[in-house]
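K.L.:
TSV, C-alpha atoms and all ligand atoms, file data.tsv:
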```tsv
chain	number	residue	atom	x	y	z
N	1	MET	CA	89.45	92.32	122.14
N	2	LYS	CA	86.23	90.45	121.69
N	3	LEU	CA	83.76	90.64	118.83
N	4	TYR	CA	80.15	89.62	119.30
N	5	TYR	CA	78.65	88.43	116.05
N	6	MET	CA	75.91	86.42	114.37
N	7	PRO	CA	77.13	84.07	111.62
N	8	GLY	CA	76.96	85.73	108.20
N	9	ALA	CA	75.49	89.00	109.56
N	10	CYS	CA	77.02	92.42	108.93
N	11	SER	CA	79.37	91.66	111.84
N	12	LEU	CA	81.22	89.32	109.45
N	13	THR	CA	82.76	92.52	108.04
N	14	ASP	CA	84.30	93.32	111.44
N	15	HIS	CA	85.38	89.71	111.80
N	16	ILE	CA	87.22	89.93	108.46
N	17	ALA	CA	88.75	93.27	109.53
N	18	LEU	CA	90.03	91.70	112.74
N	19	GLU	CA	91.62	88.92	110.70
N	20	TRP	CA	93.26	91.52	108.46
N	21	THR	CA	94.79	93.29	111.50
N	22	GLY	CA	96.62	90.10	112.50
N	23	ALA	CA	95.81	90.96	116.15
N	24	LYS	CA	94.75	88.48	118.81
N	25	TYR	CA	91.01	88.57	119.43
N	26	GLU	CA	88.10	86.44	120.53
N	27	ALA	CA	84.85	86.09	118.64
N	28	GLU	CA	81.60	85.03	120.31
N	29	ALA	CA	78.45	84.10	118.44
N	30	VAL	CA	75.25	85.55	119.90
N	31	ALA	CA	71.95	83.75	119.32
N	32	ARG	CA	69.28	86.00	117.76
N	33	ASP	CA	67.00	85.85	120.82
N	34	ALA	CA	69.92	86.60	123.16
N	35	LEU	CA	70.36	89.96	121.39
N	36	LYS	CA	67.28	91.31	123.15
N	37	GLN	CA	68.12	89.90	126.60
N	38	PRO	CA	69.32	92.24	129.39
N	39	GLU	CA	72.86	90.83	129.39
N	40	PHE	CA	73.49	91.75	125.76
N	41	LEU	CA	71.39	94.93	125.87
N	42	ALA	CA	73.76	96.16	128.59
N	43	LEU	CA	76.49	96.02	125.95
N	44	ASN	CA	74.44	97.27	123.04
N	45	PRO	CA	71.05	98.85	123.80
N	46	MET	CA	70.18	98.45	120.10
N	47	GLY	CA	70.22	94.66	120.60
N	48	SER	CA	72.22	94.11	117.45
N	49	VAL	CA	75.62	92.92	116.31
N	50	PRO	CA	78.43	93.83	115.84
N	51	CYS	CA	79.69	94.76	119.28
N	52	LEU	CA	83.39	95.07	120.02
N	53	VAL	CA	84.77	95.01	123.53
N	54	ASP	CA	88.35	96.21	124.02
N	55	GLY	CA	89.22	96.09	127.72
N	56	ASP	CA	86.63	98.32	129.41
N	57	PHE	CA	85.69	99.97	126.14
N	58	VAL	CA	82.50	98.84	124.40
N	59	LEU	CA	81.87	99.92	120.83
N	60	THR	CA	78.94	99.29	118.51
N	61	GLN	CA	78.04	100.30	114.93
N	62	ASN	CA	80.00	98.84	112.03
N	63	VAL	CA	81.42	102.13	110.82
N	64	ALA	CA	82.69	103.10	114.27
N	65	ILE	CA	84.21	99.66	114.91
N	66	LEU	CA	85.90	99.52	111.51
N	67	HIS	CA	87.27	103.03	111.95
N	68	TYR	CA	88.51	102.15	115.47
N	69	LEU	CA	90.31	99.07	114.17
N	70	ASP	CA	91.85	101.12	111.38
N	71	GLU	CA	93.19	103.68	113.88
N	72	LYS	CA	94.34	101.04	116.34
N	73	PHE	CA	96.13	98.97	113.69
N	74	PRO	CA	97.30	101.49	111.07
N	75	GLN	CA	99.66	98.98	109.49
N	76	ALA	CA	96.64	96.93	108.34
N	77	ASN	CA	95.45	99.75	106.04
N	78	LEU	CA	91.83	98.82	106.67
N	79	LEU	CA	90.72	102.14	105.20
N	80	GLY	CA	93.35	102.30	102.50
N	81	GLY	CA	96.30	103.88	104.28
N	82	LYS	CA	97.25	107.54	104.53
N	83	ASP	CA	96.34	108.92	101.11
N	84	LEU	CA	93.47	111.34	101.72
N	85	GLN	CA	91.51	110.53	98.58
N	86	VAL	CA	91.99	106.78	98.84
N	87	ARG	CA	90.67	106.94	102.43
N	88	ALA	CA	87.80	109.18	101.35
N	89	ASN	CA	86.81	106.67	98.69
N	90	ALA	CA	87.02	103.80	101.16
N	91	MET	CA	84.75	105.77	103.55
N	92	ARG	CA	82.39	106.66	100.72
N	93	TRP	CA	81.83	103.03	99.76
N	94	LEU	CA	81.76	101.89	103.37
N	95	ALA	CA	78.96	104.41	103.97
N	96	PHE	CA	77.20	103.21	100.82
N	97	CYS	CA	77.35	99.59	102.01
N	98	ASN	CA	76.28	100.37	105.59
N	99	ALA	CA	73.71	103.11	105.12
N	100	ASP	CA	72.25	102.30	101.70
N	101	LEU	CA	72.82	98.72	100.57
N	102	HIS	CA	72.60	97.05	103.99
N	103	GLU	CA	69.46	98.99	104.89
N	104	ALA	CA	67.82	98.05	101.59
N	105	PHE	CA	67.76	94.40	102.76
N	106	VAL	CA	65.81	95.11	105.94
N	107	PRO	CA	62.34	94.95	104.29
N	108	ILE	CA	63.33	91.56	102.83
N	109	PHE	CA	64.62	90.09	106.10
N	110	ALA	CA	62.15	91.81	108.45
N	111	PRO	CA	59.07	93.15	106.58
N	112	MET	CA	57.08	93.10	109.85
N	113	ARG	CA	59.20	96.01	111.06
N	114	PHE	CA	57.53	98.13	108.37
N	115	ILE	CA	53.99	96.81	108.23
N	116	ASP	CA	52.01	94.26	110.29
N	117	ASP	CA	49.74	93.15	107.46
N	118	GLU	CA	51.42	90.04	106.02
N	119	ASN	CA	49.51	90.45	102.75
N	120	ALA	CA	51.48	93.65	102.14
N	121	HIS	CA	54.88	91.99	102.63
N	122	PRO	CA	55.39	90.66	99.07
N	123	ALA	CA	54.85	94.14	97.55
N	124	LEU	CA	57.21	95.69	100.10
N	125	GLN	CA	59.83	93.05	99.40
N	126	ALA	CA	59.48	93.45	95.64
N	127	LYS	CA	60.10	97.19	96.03
N	128	ALA	CA	63.15	96.46	98.20
N	129	ARG	CA	64.49	94.08	95.54
N	130	GLU	CA	64.15	96.82	92.92
N	131	LYS	CA	66.17	99.16	95.12
N	132	ILE	CA	68.81	96.51	95.83
N	133	LEU	CA	69.24	95.85	92.10
N	134	ARG	CA	69.67	99.57	91.45
N	135	LEU	CA	72.29	99.85	94.22
N	136	LEU	CA	74.10	96.72	93.05
N	137	GLY	CA	74.27	98.31	89.60
N	138	ILE	CA	75.89	101.40	91.11
N	139	ALA	CA	78.45	99.28	92.99
N	140	ASN	CA	79.11	97.23	89.85
N	141	ASN	CA	79.79	100.41	87.83
N	142	ALA	CA	82.07	101.77	90.57
N	143	LEU	CA	84.18	98.61	90.31
N	144	GLN	CA	84.61	98.89	86.54
N	145	GLY	CA	88.31	98.42	85.74
N	146	LYS	CA	89.15	97.98	89.45
N	147	THR	CA	89.59	95.04	91.79
N	148	TYR	CA	88.61	97.07	94.87
N	149	PHE	CA	86.41	100.12	95.51
N	150	ALA	CA	89.27	102.39	96.60
N	151	GLY	CA	91.91	100.84	94.33
N	152	VAL	CA	93.37	98.91	97.28
N	153	ARG	CA	91.69	96.35	99.54
N	154	THR	CA	89.66	97.99	102.32
N	155	VAL	CA	86.85	97.11	104.70
N	156	ALA	CA	84.39	98.59	102.16
N	157	ASP	CA	85.13	95.57	99.95
N	158	ALA	CA	84.64	93.23	102.90
N	159	TYR	CA	81.25	94.84	103.64
N	160	LEU	CA	80.19	94.51	100.01
N	161	PHE	CA	81.26	90.86	100.07
N	162	VAL	CA	79.09	90.21	103.14
N	163	ILE	CA	76.09	91.83	101.48
N	164	LEU	CA	76.65	89.96	98.21
N	165	ARG	CA	76.38	86.74	100.24
N	166	TRP	CA	72.96	87.94	101.44
N	167	ALA	CA	71.97	88.80	97.86
N	168	VAL	CA	72.80	85.27	96.74
N	169	GLY	CA	71.00	83.92	99.82
N	170	VAL	CA	67.75	85.65	98.85
N	171	GLY	CA	67.99	84.45	95.26
N	172	ILE	CA	69.32	87.58	93.54
N	173	ASP	CA	71.13	86.61	90.35
N	174	LEU	CA	74.56	88.29	90.36
N	175	SER	CA	75.53	87.09	86.88
N	176	PRO	CA	74.57	90.42	85.19
N	177	PHE	CA	77.05	92.13	87.54
N	178	ALA	CA	80.45	90.92	86.32
N	179	ASN	CA	82.45	93.22	88.62
N	180	LEU	CA	80.51	92.13	91.70
N	181	THR	CA	81.04	88.49	90.80
N	182	ALA	CA	84.76	89.21	90.41
N	183	LEU	CA	84.85	90.96	93.82
N	184	MET	CA	83.16	87.95	95.40
N	185	ASN	CA	85.72	85.60	93.86
N	186	THR	CA	88.62	87.81	94.96
N	187	MET	CA	87.28	87.90	98.50
N	188	MET	CA	86.71	84.15	98.60
N	189	GLN	CA	90.40	83.69	97.86
N	190	ASP	CA	91.48	86.06	100.66
N	191	THR	CA	92.95	84.16	103.61
N	192	GLY	CA	91.47	86.60	106.17
N	193	VAL	CA	88.02	86.18	104.64
N	194	GLN	CA	88.42	82.41	104.60
N	195	ALA	CA	89.46	82.40	108.28
N	196	ALA	CA	86.48	84.54	109.34
N	197	LEU	CA	84.03	82.41	107.34
N	198	LYS	CA	85.45	79.24	108.87
N	199	ALA	CA	85.30	80.67	112.40
N	200	GLU	CA	81.61	81.53	111.83
N	201	GLY	CA	80.91	78.02	110.52
N	202	LEU	CA	80.05	79.25	107.00
O	301	LIG	N1	73.63	100.29	112.11
O	301	LIG	C1	74.05	99.06	112.72
O	301	LIG	C2	73.22	97.94	112.12
O	301	LIG	C3	73.51	96.61	112.80
O	301	LIG	C4	72.55	95.54	112.32
O	301	LIG	O1	71.61	95.77	111.56
O	301	LIG	N2	72.81	94.30	112.77
O	301	LIG	C5	71.95	93.20	112.44
O	301	LIG	C6	72.74	92.07	111.81
O	301	LIG	S1	73.27	92.48	110.17
O	301	LIG	C7	71.34	92.66	113.70
O	301	LIG	O2	72.01	92.46	114.70
O	301	LIG	N3	70.01	92.42	113.67
O	301	LIG	C8	69.31	91.85	114.75
O	301	LIG	C9	68.16	92.68	115.17
O	301	LIG	O3	68.11	93.88	114.81
O	301	LIG	O4	67.30	92.15	115.87
O	301	LIG	C10	75.54	98.84	112.46
O	301	LIG	O5	76.06	99.30	111.44
O	301	LIG	O6	76.21	98.22	113.31
```
Show the structure stored in the file as structure tokens.
P.N.:
Amino acid sequence: MKLYYMPGACSLTDHIALEWTGAKYEAEAVARDALKQPEFLALNPMGSVPCLVDGDFVLTQNVAILHYLDEKFPQANLLGGKDLQVRANAMRWLAFCNADLHEAFVPIFAPMRFIDDENAHPALQAKAREKILRLLGIANNALQGKTYFAGVRTVADAYLFVILRWAVGVGIDLSPFANLTALMNTMMQDTGVQAALKAEGL
């Protein structure tokens, strides 16, 4: 198996998941401009990471890749194991991270995808920050009294960790969110997380 990634991008979640499986895999960093070149577009027409190649099988989209790894390596409990409601909660928070929280950062990282006029970017980014803070509050409340979203460690926690790194990177103060800070600390002590960070040069 081979994972294509950009250091620190959402693909770090898949990188951590691969570490948690204990399986043999390769990881290849893709430069941002190479994402839109024909060679990579042949793998992922969206021109984005992550992309997982397993033999002849090519898979993109975080949720699909994480689900595939969970099914392929059931002993790793990437989605919380067999309990229906634990799995449902892991999926719920994975969806929250991928579809809501991750997407809320796009106006901050790439405001030109929304509006060409650079003068409008600060207002757009301020609005995005408001939304991010609201979503971080929701995640923080969900973690009240718990170490992990689903009660056990899952890829939803890894995804949140990756996004919390972005939040810190864009100057969002996490100190009002005690449970998010605790999750970050827990993840930083995880050997799989440490290995993925090191492999990505972070
Ligand atoms: N919905 C996609 C989103 C992937 C995505 O946004 N990847 C970002 C990195 S976090 C990327 O490759 N961006 C480069 C670009 O779009 O040019 C997924 O879940 O895999």
K.L.:
To one decimal place in Å, what is the distance between CA of Cys10 (chain N) and CA of Asn179 (chain N)?
P.N.:
21.0 Å
K.L.:
What residues of the protein or nucleic acid chains come within 6 Å of ligand LIG 301 (chain O) when you use all atoms listed in the file? Reply as a list in words.
P.N.:
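Final answer, ordered by chain and number: Ala9, Cys10, Ser48, Val49, Pro50, Thr60, Gln61, Asn62 and Asn98 of chain N.
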K.L.:
So that I can see what lies close to region 148-156 of chain N, please list as a PyMOL selection string the residues with an atom at most 8 Å from it, counting all atoms listed in the file and leaving out residues fewer than 2 positions away in the same chain.
P.N.:
chain N and resi 13+17+66+77-80+86-87+89-91+93-94+97+142-143+146+158-160+183
K.L.:
Taking all atoms listed in the file into account, name the residue in N:Phe73, N:Phe177, N:Phe57, N:Trp166 that is nearest to Ala104 (chain N).
P.N.:
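Ranking N:Phe73, N:Phe177, N:Phe57, N:Trp166 by distance to Ala104 (chain N), first place goes to N:Trp166.
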K.L.:
How far is it from CA of Ala64 (chain N) to CA of Lys24 (chain N), in Å with one decimal?
P.N.:
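Between CA of Ala64 (chain N) and CA of Lys24 (chain N) the gap is 19.5 Å.
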K.L.:
Could you check the closest approach to Gln144 (chain N) for each of N:Met188, N:Val106, N:Leu84, N:Leu180 and tell me which residue wins, using all atoms listed in the file?
P.N.:
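Smallest distance to Gln144 (chain N) is found for N:Leu180.
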K.L.:
Mind giving me the straight-line distance from CA of Asp83 (chain N) to CA of Ala139 (chain N) in Å, one decimal?
P.N.:
21.9 Å
K.L.:
Is it possible to get the residues within 12 Å of (82.5, 97.1, 129.4) (coordinates as in the file, counting all atoms listed in the file) written as number ranges by chain?
P.N.:
N: 1-2, 39-44, 51-60
K.L.:
Just want the 10 Å neighbourhood of region 118-130 of chain N, counted on all atoms listed in the file, with same-chain residues fewer than 5 positions away dropped. Output as a list in words.
P.N.:
Glu103, Ala104, Phe105, Val106, Pro107, Ile108, Phe109, Ala110, Pro111, Met112, Leu135, Leu136, Ala167, Val170 and Ile172 of chain N
K.L.:
Give the answer as one residue: which of N:Met184, N:Leu12, N:Leu3, N:Ala178 has the shortest atom-to-atom distance to Leu202 (chain N), using only C-alpha atoms?
P.N.:
N:Leu12
K.L.:
Under the rule that all atoms listed in the file are counted, which of N:His102, N:Lys131, N:Arg92, N:Arg113 is the nearest residue to Arg165 (chain N)?
P.N.:
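Nearest to Arg165 (chain N): N:His102.
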K.L.:
Ranking N:Tyr25, N:Lys36, N:Val63, N:Ile16 by minimum distance to Phe161 (chain N) and counting all atoms listed in the file, which one comes first?
P.N.:
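Of the candidates, the smallest distance to Phe161 (chain N) is held by N:Ile16.
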K.L.:
Which residue is closest to Asp190 (chain N)? Choose from N:Gly47, N:Tyr4, N:Tyr68, N:Asp157 and count only C-alpha atoms.
P.N.:
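That would be N:Asp157, the residue with the smallest distance to Asp190 (chain N).
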K.L.:
Missing atoms in region 5-33 of chain N should be modelled up to N, CA and C atoms and reported as an mmCIF file, in the coordinates of the input.
P.N.:
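Saved result, rebuild-v8.cif, follows:
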```cif
data_model
loop_
_atom_site.group_PDB
_atom_site.id
_atom_site.type_symbol
_atom_site.label_atom_id
_atom_site.label_comp_id
_atom_site.auth_asym_id
_atom_site.auth_seq_id
_atom_site.Cartn_x
_atom_site.Cartn_y
_atom_site.Cartn_z
ATOM 1 N N TYR N 5 79.140 88.497 117.419
ATOM 2 C CA TYR N 5 78.650 88.430 116.050
ATOM 3 C C TYR N 5 77.504 87.426 115.915
ATOM 4 N N MET N 6 76.807 87.503 114.790
ATOM 5 C CA MET N 6 75.910 86.420 114.370
ATOM 6 C C MET N 6 76.479 85.922 113.046
ATOM 7 N N PRO N 7 76.522 84.596 112.841
ATOM 8 C CA PRO N 7 77.130 84.070 111.620
ATOM 9 C C PRO N 7 76.524 84.688 110.346
ATOM 10 N N GLY N 8 77.399 85.212 109.497
ATOM 11 C CA GLY N 8 76.960 85.730 108.200
ATOM 12 C C GLY N 8 76.319 87.114 108.254
ATOM 13 N N ALA N 9 76.110 87.660 109.449
ATOM 14 C CA ALA N 9 75.490 89.000 109.560
ATOM 15 C C ALA N 9 76.531 90.069 109.211
ATOM 16 N N CYS N 10 76.103 91.325 109.286
ATOM 17 C CA CYS N 10 77.020 92.420 108.930
ATOM 18 C C CYS N 10 78.294 92.386 109.773
ATOM 19 N N SER N 11 78.211 91.784 110.955
ATOM 20 C CA SER N 11 79.370 91.660 111.840
ATOM 21 C C SER N 11 80.491 90.823 111.216
ATOM 22 N N LEU N 12 80.160 90.067 110.156
ATOM 23 C CA LEU N 12 81.220 89.320 109.450
ATOM 24 C C LEU N 12 82.253 90.298 108.876
ATOM 25 N N THR N 13 81.820 91.507 108.539
ATOM 26 C CA THR N 13 82.760 92.520 108.040
ATOM 27 C C THR N 13 83.823 92.825 109.103
ATOM 28 N N ASP N 14 83.379 93.006 110.338
ATOM 29 C CA ASP N 14 84.300 93.320 111.440
ATOM 30 C C ASP N 14 85.202 92.123 111.741
ATOM 31 N N HIS N 15 84.624 90.949 111.579
ATOM 32 C CA HIS N 15 85.380 89.710 111.800
ATOM 33 C C HIS N 15 86.524 89.630 110.778
ATOM 34 N N ILE N 16 86.197 89.934 109.523
ATOM 35 C CA ILE N 16 87.220 89.930 108.460
ATOM 36 C C ILE N 16 88.272 90.999 108.784
ATOM 37 N N ALA N 17 87.806 92.182 109.203
ATOM 38 C CA ALA N 17 88.750 93.270 109.530
ATOM 39 C C ALA N 17 89.700 92.844 110.651
ATOM 40 N N LEU N 18 89.167 92.175 111.649
ATOM 41 C CA LEU N 18 90.030 91.700 112.740
ATOM 42 C C LEU N 18 91.075 90.726 112.212
ATOM 43 N N GLU N 19 90.657 89.849 111.313
ATOM 44 C CA GLU N 19 91.620 88.920 110.700
ATOM 45 C C GLU N 19 92.704 89.704 109.958
ATOM 46 N N TRP N 20 92.292 90.739 109.246
ATOM 47 C CA TRP N 20 93.260 91.520 108.460
ATOM 48 C C TRP N 20 94.248 92.272 109.365
ATOM 49 N N THR N 21 93.847 92.580 110.602
ATOM 50 C CA THR N 21 94.790 93.290 111.500
ATOM 51 C C THR N 21 95.905 92.352 111.959
ATOM 52 N N GLY N 22 95.634 91.058 111.987
ATOM 53 C CA GLY N 22 96.620 90.100 112.500
ATOM 54 C C GLY N 22 96.679 90.105 114.028
ATOM 55 N N ALA N 23 95.802 90.866 114.677
ATOM 56 C CA ALA N 23 95.810 90.960 116.150
ATOM 57 C C ALA N 23 95.151 89.730 116.773
ATOM 58 N N LYS N 24 95.423 89.549 118.057
ATOM 59 C CA LYS N 24 94.750 88.480 118.810
ATOM 60 C C LYS N 24 93.371 88.983 119.212
ATOM 61 N N TYR N 25 92.357 88.169 119.024
ATOM 62 C CA TYR N 25 91.010 88.570 119.430
ATOM 63 C C TYR N 25 90.185 87.315 119.676
ATOM 64 N N GLU N 26 89.072 87.529 120.363
ATOM 65 C CA GLU N 26 88.100 86.440 120.530
ATOM 66 C C GLU N 26 86.860 86.811 119.734
ATOM 67 N N ALA N 27 86.117 85.807 119.313
ATOM 68 C CA ALA N 27 84.850 86.090 118.640
ATOM 69 C C ALA N 27 83.786 85.196 119.278
ATOM 70 N N GLU N 28 82.665 85.816 119.665
ATOM 71 C CA GLU N 28 81.600 85.030 120.310
ATOM 72 C C GLU N 28 80.303 85.201 119.546
ATOM 73 N N ALA N 29 79.741 84.068 119.134
ATOM 74 C CA ALA N 29 78.450 84.100 118.440
ATOM 75 C C ALA N 29 77.342 84.393 119.445
ATOM 76 N N VAL N 30 76.397 85.243 119.045
ATOM 77 C CA VAL N 30 75.250 85.550 119.900
ATOM 78 C C VAL N 30 74.011 85.021 119.195
ATOM 79 N N ALA N 31 73.198 84.251 119.920
ATOM 80 C CA ALA N 31 71.950 83.750 119.320
ATOM 81 C C ALA N 31 71.000 84.929 119.129
ATOM 82 N N ARG N 32 70.158 84.856 118.073
ATOM 83 C CA ARG N 32 69.280 86.000 117.760
ATOM 84 C C ARG N 32 68.437 86.411 118.964
ATOM 85 N N ASP N 33 67.872 85.441 119.698
ATOM 86 C CA ASP N 33 67.000 85.850 120.820
ATOM 87 C C ASP N 33 67.801 86.418 121.994
#
```
